[in-house]
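**Q** Let me begin by handing over the structure; questions about it come next.
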Number of protein chains: 2
Amino acid sequence: MSAKSDRKSAVVLLSGGLDSATVLAIAQDAGFVCHALSFDYGQRHRFELESARRVAAAAGVTDHRVVGIDLSAAGGFGLSALTDRIDVPKDRQADERNIPATYVPARNTIFLSVALGYAEVIGSFDIFIGVNAVDYSGYPDCREVFIEAFQNLANLATAAAVEGRGRFAVHAPLIRMSKGQIIRTGLALGVDYSLTHSCYDPSHDCLACGRCDACRLRLAGFEAAGAHDPVRYRDVS
Amino acid sequence: MSAKSDRKSAVVLLSGGLDSATVLAIAQDAGFVCHALSFDYGQRHRFELESARRVAAAAGVTDHRVVGIDLSAAGGFGLSALTDRIDVPKDRQADERNIPATYVPARNTIFLSVALGYAEVIGSFDIFIGVNAVDYSGYPDCREVFIEAFQNLANLATAAAVEGRGRFAVHAPLIRMSKGQIIRTGLALGVDYSLTHSCYDPSHDCLACGRCDACRLRLAGFEAAGAHDPVRYRDVS
């Protein structure tokens, strides 16, 4: 038996952002053979998917699938700033703890559900997701209690679990980390953050705005990690 | 205030089959303003969606959305007989209690997740699904314990629930009914079952096979209900 056949496989949700690139590196470092899974759900910034492809290729994943979900057909999903024309909030104060306009209803539930089906088909019982409860405290589906509830559901929903072939584990290794800790972890594992994309409002030539919530968290994280962010910004001199 | 504005809205998962058509009638009878939701997920029988459209139109729903999910892009979802070329099981014995080949990994989890997002966007807290634990005992995601786990997840996953605007309820009114009871209920509520579709293996001119699990359950249900099945069969004389 080869060494490879002893390794467990995992499905890793990969958005093309900094967090999920770090999660992929963590899953690989833990010895998992990784199947990356991304979604084309009508997000405004289609080149997130290009970032996901570059991250997956650089990491040498076993495969990388992109599932199309036409949420716009369900009408109101376009209410979110990430999928429609609503202005992305800029220069928000850190103490604004309400749920941001960039919240997409049930997004992580939908992504984890598809990941669960994919994992069951390929015989994997491990799913990795880059949710974080520290910097995204406003998102209900970035909390540990949500991850635990989904894991419970997964073990009731699937033939693989009900027939006793295994127990699903939903891994959220970043959930308690600060952005600085995430970046330090990724840099130690060799993640090339120049391949990742975070900005909610990039220019047409893909320069990050430097002012949306995602950019501000990212820049503060690199500063906390004592590292330089290799992506290009248009608003930061 | 008009009478209509006092009525609660609900999202009703509508497949075009007998069960979900009955669920829609039950939800309307309970006073809900119904938003029907169907999925185009690469199923072999695209005219299921046409059945769903006819059922929705006949019921006079507020709207009917069809969400596209390209599960085939995720590779192995095609393992199921419903989405690929595997032969549909015919003439199975009733005591074969293993999970059928027509099981689609995590299907109801995925459908409910999208329904949850849609419900949150339109301000609804009620989701109806036509799962049934009696006739589909082999499907893990047709059990009450699954529905309860999803409802628990829904109330942790969404801004609407976490911010206290309401509590999500997942209604599965058929879950303990026999097929005969379902049909009697639907007939009493005026469901036109000629608009519905159940067969897993219809002919090109949409005649039901009469032999797959779905046809056999349906025919036995009509017999138990003492009623005539108005759809056309090719194998039943």
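Chain labels A, B, ... are given in the sequence in which chains occur in the structure tokens; within each chain residues are numbered consecutively from 1, and ligands are likewise numbered from 1 in the order shown.
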Dump as a PyMOL selection string the residues of chain B that approach chain A to within 6 Å, counting only C-alpha atoms.
**A** chain B and resi 65+67-70+73-74+76+105-106+109-110+113+117+121+140-141+146+149+153+156-158
**Q** Would you write out those residues with N, CA and C atoms, as a compact mmCIF listing (two decimals), in the first residue's frame?
**A**
```txt
# COMPACT_ATOMS: atom_id res chain seq x y z
N ARG B 65 -40.09 30.36 -8.42
CA ARG B 65 -38.71 30.56 -8.87
C ARG B 65 -38.05 29.23 -9.13
N VAL B 67 -34.26 27.74 -9.32
CA VAL B 67 -32.85 28.00 -9.07
C VAL B 67 -32.02 26.93 -9.77
N GLY B 68 -31.05 27.36 -10.53
CA GLY B 68 -30.14 26.42 -11.20
C GLY B 68 -28.96 26.09 -10.32
N ILE B 69 -28.70 24.78 -10.12
CA ILE B 69 -27.50 24.34 -9.41
C ILE B 69 -26.81 23.31 -10.28
N ASP B 70 -25.60 23.63 -10.70
CA ASP B 70 -24.89 22.71 -11.58
C ASP B 70 -24.07 21.72 -10.76
N ALA B 73 -21.03 19.72 -12.14
CA ALA B 73 -19.69 20.32 -12.13
C ALA B 73 -18.89 19.87 -10.92
N ALA B 74 -19.59 19.42 -9.88
CA ALA B 74 -18.90 18.95 -8.68
C ALA B 74 -18.52 17.49 -8.81
N GLY B 76 -18.91 14.00 -8.77
CA GLY B 76 -19.58 12.75 -8.48
C GLY B 76 -21.06 12.80 -8.21
N PRO B 105 -26.83 12.52 -2.88
CA PRO B 105 -26.16 12.97 -1.65
C PRO B 105 -26.51 14.42 -1.29
N ALA B 106 -27.00 14.57 -0.07
CA ALA B 106 -27.27 15.88 0.54
C ALA B 106 -28.31 16.71 -0.20
N THR B 109 -30.71 18.68 1.98
CA THR B 109 -29.93 19.69 2.71
C THR B 109 -29.66 20.89 1.81
N ILE B 110 -29.27 20.61 0.57
CA ILE B 110 -28.99 21.69 -0.38
C ILE B 110 -30.28 22.46 -0.69
N SER B 113 -31.34 24.58 2.20
CA SER B 113 -30.42 25.70 2.41
C SER B 113 -30.76 26.86 1.50
N GLY B 117 -32.26 30.67 2.47
CA GLY B 117 -31.77 31.97 2.02
C GLY B 117 -32.87 32.78 1.35
N VAL B 121 -34.63 36.37 2.60
CA VAL B 121 -34.68 37.57 1.76
C VAL B 121 -36.11 38.13 1.64
N PRO B 140 -31.97 9.11 4.32
CA PRO B 140 -31.69 9.72 5.63
C PRO B 140 -32.26 11.13 5.75
N ASP B 141 -32.35 11.85 4.61
CA ASP B 141 -32.81 13.24 4.67
C ASP B 141 -34.32 13.36 4.45
N PHE B 146 -33.84 14.64 10.83
CA PHE B 146 -33.15 15.53 9.88
C PHE B 146 -33.85 16.88 9.80
N ALA B 149 -33.09 18.89 12.83
CA ALA B 149 -31.71 19.39 12.83
C ALA B 149 -31.56 20.56 11.86
N LEU B 153 -30.51 24.42 12.74
CA LEU B 153 -29.47 25.12 11.99
C LEU B 153 -29.97 26.46 11.47
N LEU B 156 -29.85 29.32 13.73
CA LEU B 156 -28.51 29.77 14.09
C LEU B 156 -27.79 30.42 12.92
N ALA B 157 -28.23 30.11 11.70
CA ALA B 157 -27.47 30.47 10.49
C ALA B 157 -27.81 31.84 9.94
N THR B 158 -28.94 32.39 10.34
CA THR B 158 -29.48 33.54 9.62
C THR B 158 -29.56 34.80 10.48
```
**Q** Counting only C-alpha atoms, figure out which residue out of A:Ser178, A:Thr62, A:Ser124, A:Ser51 gets nearest to Ser20 of chain A.
**A** A:Ser51
**Q** Could you please write out, as number ranges by chain, every residue of segment 105-161 of chain B that DSSP assigns to helix (DSSP H, G or I)?
**A** B: 107-122, 140-142, 144-157, 159-161
**Q** If you count only C-alpha atoms, which residues fall within 7 Å of Val55 of chain B, apart from same-chain ones fewer than 4 positions away, as an NGL selection string?
**A** :B and (16 or 21 or 51 or 59 or 195-196)
**Q** Using only N, CA and C atoms, please write the residues we just selected to a file, as a PDB file, in the first residue's frame.
**A**
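Everything below was put into result34.pdb:
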```
ATOM      1  N   GLY B  16     -42.674  19.195  -8.647  1.00  0.00           N
ATOM      2  CA  GLY B  16     -43.518  18.741  -9.749  1.00  0.00           C
ATOM      3  C   GLY B  16     -44.111  17.371  -9.483  1.00  0.00           C
ATOM      4  N   ALA B  21     -46.866  18.773  -4.561  1.00  0.00           N
ATOM      5  CA  ALA B  21     -48.127  19.414  -4.963  1.00  0.00           C
ATOM      6  C   ALA B  21     -49.123  19.376  -3.805  1.00  0.00           C
ATOM      7  N   SER B  51     -43.799  20.203 -14.930  1.00  0.00           N
ATOM      8  CA  SER B  51     -44.868  19.807 -14.003  1.00  0.00           C
ATOM      9  C   SER B  51     -44.951  20.782 -12.840  1.00  0.00           C
ATOM     10  N   ALA B  59     -52.201  26.305  -8.747  1.00  0.00           N
ATOM     11  CA  ALA B  59     -52.440  26.672  -7.347  1.00  0.00           C
ATOM     12  C   ALA B  59     -52.531  28.186  -7.163  1.00  0.00           C
ATOM     13  N   LEU B 195     -51.517  16.972 -13.188  1.00  0.00           N
ATOM     14  CA  LEU B 195     -50.436  17.917 -13.483  1.00  0.00           C
ATOM     15  C   LEU B 195     -49.100  17.464 -12.923  1.00  0.00           C
ATOM     16  N   THR B 196     -49.116  16.461 -12.053  1.00  0.00           N
ATOM     17  CA  THR B 196     -47.898  16.059 -11.345  1.00  0.00           C
ATOM     18  C   THR B 196     -47.158  14.948 -12.074  1.00  0.00           C
TER      19      THR B 196
END
```
**Q** Show me, as a list in words, the residues that have an atom within 12 Å of segment 205-208 of chain B when counting only C-alpha atoms, minus same-chain residues fewer than 6 positions from it.
**A** His45, Arg46, Phe47, Glu48, Glu50, Ser51, Ser194, Leu195, Thr196, His197, Ser198, Cys199, Ala214, Cys215, Arg216, Arg218, Leu219, Asp229, Pro230, Val231, Arg232, Tyr233, Arg234, Asp235 and Val236 of chain B
**Q** Restricted to N, CA and C atoms, what would the selected residues look like written as a tab-separated table (two decimals), in the first residue's frame?
**A**
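Okay, this is what ended up in result.tsv:
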```tsv
chain	number	residue	atom	x	y	z
B	45	HIS	N	-34.86	14.30	-15.93
B	45	HIS	CA	-36.20	14.55	-16.46
B	45	HIS	C	-36.55	16.01	-16.29
B	46	ARG	N	-36.13	16.78	-17.28
B	46	ARG	CA	-36.32	18.21	-17.17
B	46	ARG	C	-37.79	18.59	-17.13
B	47	PHE	N	-38.66	17.73	-17.65
B	47	PHE	CA	-40.07	18.12	-17.63
B	47	PHE	C	-40.69	17.99	-16.24
B	48	GLU	N	-39.92	17.48	-15.25
B	48	GLU	CA	-40.36	17.66	-13.86
B	48	GLU	C	-40.59	19.13	-13.59
B	50	GLU	N	-41.42	21.35	-15.73
B	50	GLU	CA	-42.66	21.77	-16.40
B	50	GLU	C	-43.87	21.39	-15.54
B	51	SER	N	-43.80	20.20	-14.93
B	51	SER	CA	-44.87	19.81	-14.00
B	51	SER	C	-44.95	20.78	-12.84
B	194	SER	N	-53.26	15.18	-12.16
B	194	SER	CA	-52.87	14.97	-13.57
B	194	SER	C	-51.72	15.90	-13.95
B	195	LEU	N	-51.52	16.97	-13.19
B	195	LEU	CA	-50.44	17.92	-13.48
B	195	LEU	C	-49.10	17.46	-12.92
B	196	THR	N	-49.12	16.46	-12.05
B	196	THR	CA	-47.90	16.06	-11.35
B	196	THR	C	-47.16	14.95	-12.07
B	197	HIS	N	-45.91	14.78	-11.67
B	197	HIS	CA	-45.03	13.80	-12.30
B	197	HIS	C	-44.26	13.08	-11.21
B	198	SER	N	-44.21	11.75	-11.28
B	198	SER	CA	-43.50	10.99	-10.26
B	198	SER	C	-42.43	10.07	-10.84
B	199	CYS	N	-42.63	9.56	-12.04
B	199	CYS	CA	-41.80	8.47	-12.59
B	199	CYS	C	-40.32	8.85	-12.69
B	214	ALA	N	-40.87	5.00	-7.67
B	214	ALA	CA	-41.80	6.13	-7.56
B	214	ALA	C	-43.17	5.78	-8.15
B	215	CYS	N	-43.17	5.13	-9.32
B	215	CYS	CA	-44.45	4.73	-9.92
B	215	CYS	C	-45.19	3.72	-9.05
B	216	ARG	N	-44.45	2.75	-8.53
B	216	ARG	CA	-45.10	1.71	-7.74
B	216	ARG	C	-45.72	2.28	-6.47
B	218	ARG	N	-46.69	5.36	-6.10
B	218	ARG	CA	-47.79	6.22	-6.51
B	218	ARG	C	-49.04	5.40	-6.82
B	219	LEU	N	-48.85	4.34	-7.61
B	219	LEU	CA	-50.00	3.51	-7.99
B	219	LEU	C	-50.62	2.85	-6.77
B	229	ASP	N	-55.48	7.15	-10.70
B	229	ASP	CA	-54.34	8.01	-11.02
B	229	ASP	C	-54.54	8.58	-12.42
B	230	PRO	N	-54.65	9.91	-12.53
B	230	PRO	CA	-54.95	10.49	-13.84
B	230	PRO	C	-53.75	10.58	-14.79
B	231	VAL	N	-52.53	10.28	-14.33
B	231	VAL	CA	-51.41	10.36	-15.28
B	231	VAL	C	-51.38	9.11	-16.17
B	232	ARG	N	-50.68	9.21	-17.30
B	232	ARG	CA	-50.66	8.13	-18.27
B	232	ARG	C	-49.42	7.25	-18.08
B	233	TYR	N	-49.63	5.94	-18.14
B	233	TYR	CA	-48.56	4.95	-17.98
B	233	TYR	C	-48.36	4.18	-19.27
B	234	ARG	N	-47.12	3.79	-19.51
B	234	ARG	CA	-46.87	3.01	-20.72
B	234	ARG	C	-46.86	1.51	-20.44
B	235	ASP	N	-46.54	1.08	-19.21
B	235	ASP	CA	-46.36	-0.34	-18.92
B	235	ASP	C	-47.56	-0.95	-18.22
B	236	VAL	N	-48.54	-0.11	-17.87
B	236	VAL	CA	-49.69	-0.62	-17.14
B	236	VAL	C	-50.88	-0.68	-18.09
```
**Q** Using only C-alpha atoms, determine which residues lie at most 7 Å from Phe125 of chain A, disregarding the query and same-chain residues fewer than 6 positions distant; provide the list as an MDAnalysis selection string.
**A** chainID A and resid 10 119 166:169
**Q** Please save C-alpha atoms of the selected residues as a short mmCIF file (atom, residue, chain, number, x, y, z; two decimals), in the first residue's frame.
**A**
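Final file, selection_23.cif:
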```cif
data_model
loop_
_atom_site.label_atom_id
_atom_site.label_comp_id
_atom_site.auth_asym_id
_atom_site.auth_seq_id
_atom_site.Cartn_x
_atom_site.Cartn_y
_atom_site.Cartn_z
CA ALA A 10 -10.94 16.44 2.59
CA ALA A 119 -17.71 14.86 0.22
CA GLY A 166 -17.87 7.45 9.03
CA ARG A 167 -18.66 10.64 10.90
CA PHE A 168 -18.48 14.01 9.19
CA ALA A 169 -16.27 16.67 10.75
#
```
**Q** Rounded to one decimal in Å, what is the spacing between atom CA of Asp19 of chain A and atom CA of Asp6 of chain A?
**A**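 Computed distance, atom CA of Asp19 of chain A to atom CA of Asp6 of chain A, equals 27.6 Å.
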**Q** I want to know what sits within 10 Å of Gly31 of chain A, based on only C-alpha atoms, with residues of the same chain fewer than 3 positions away left out; could you give that as a PDB file with C-alpha atoms, in the first residue's frame?
**A**
```
ATOM      1  CA  LYS A   4      -0.764   8.206  -0.419  1.00  0.00           C
ATOM      2  CA  ASP A   6      -3.303   5.946   3.717  1.00  0.00           C
ATOM      3  CA  ARG A   7      -4.074   9.645   3.665  1.00  0.00           C
ATOM      4  CA  LYS A   8      -7.574  10.901   4.341  1.00  0.00           C
ATOM      5  CA  SER A   9      -9.216  13.156   1.827  1.00  0.00           C
ATOM      6  CA  ALA A  10     -10.943  16.440   2.591  1.00  0.00           C
ATOM      7  CA  ALA A  25      -2.556  25.151   3.609  1.00  0.00           C
ATOM      8  CA  ILE A  26      -3.602  24.041   7.110  1.00  0.00           C
ATOM      9  CA  ALA A  27      -5.542  21.058   5.737  1.00  0.00           C
ATOM     10  CA  GLN A  28      -2.618  20.002   3.576  1.00  0.00           C
ATOM     11  CA  CYS A  34      -7.451  18.112  -0.624  1.00  0.00           C
TER      12      CYS A  34
END
```
**Q** Taking only C-alpha atoms into account, name the residue in A:Arg211, A:His204, A:His228, A:Arg54 that is nearest to Gly180 of chain A.
**A** A:His228
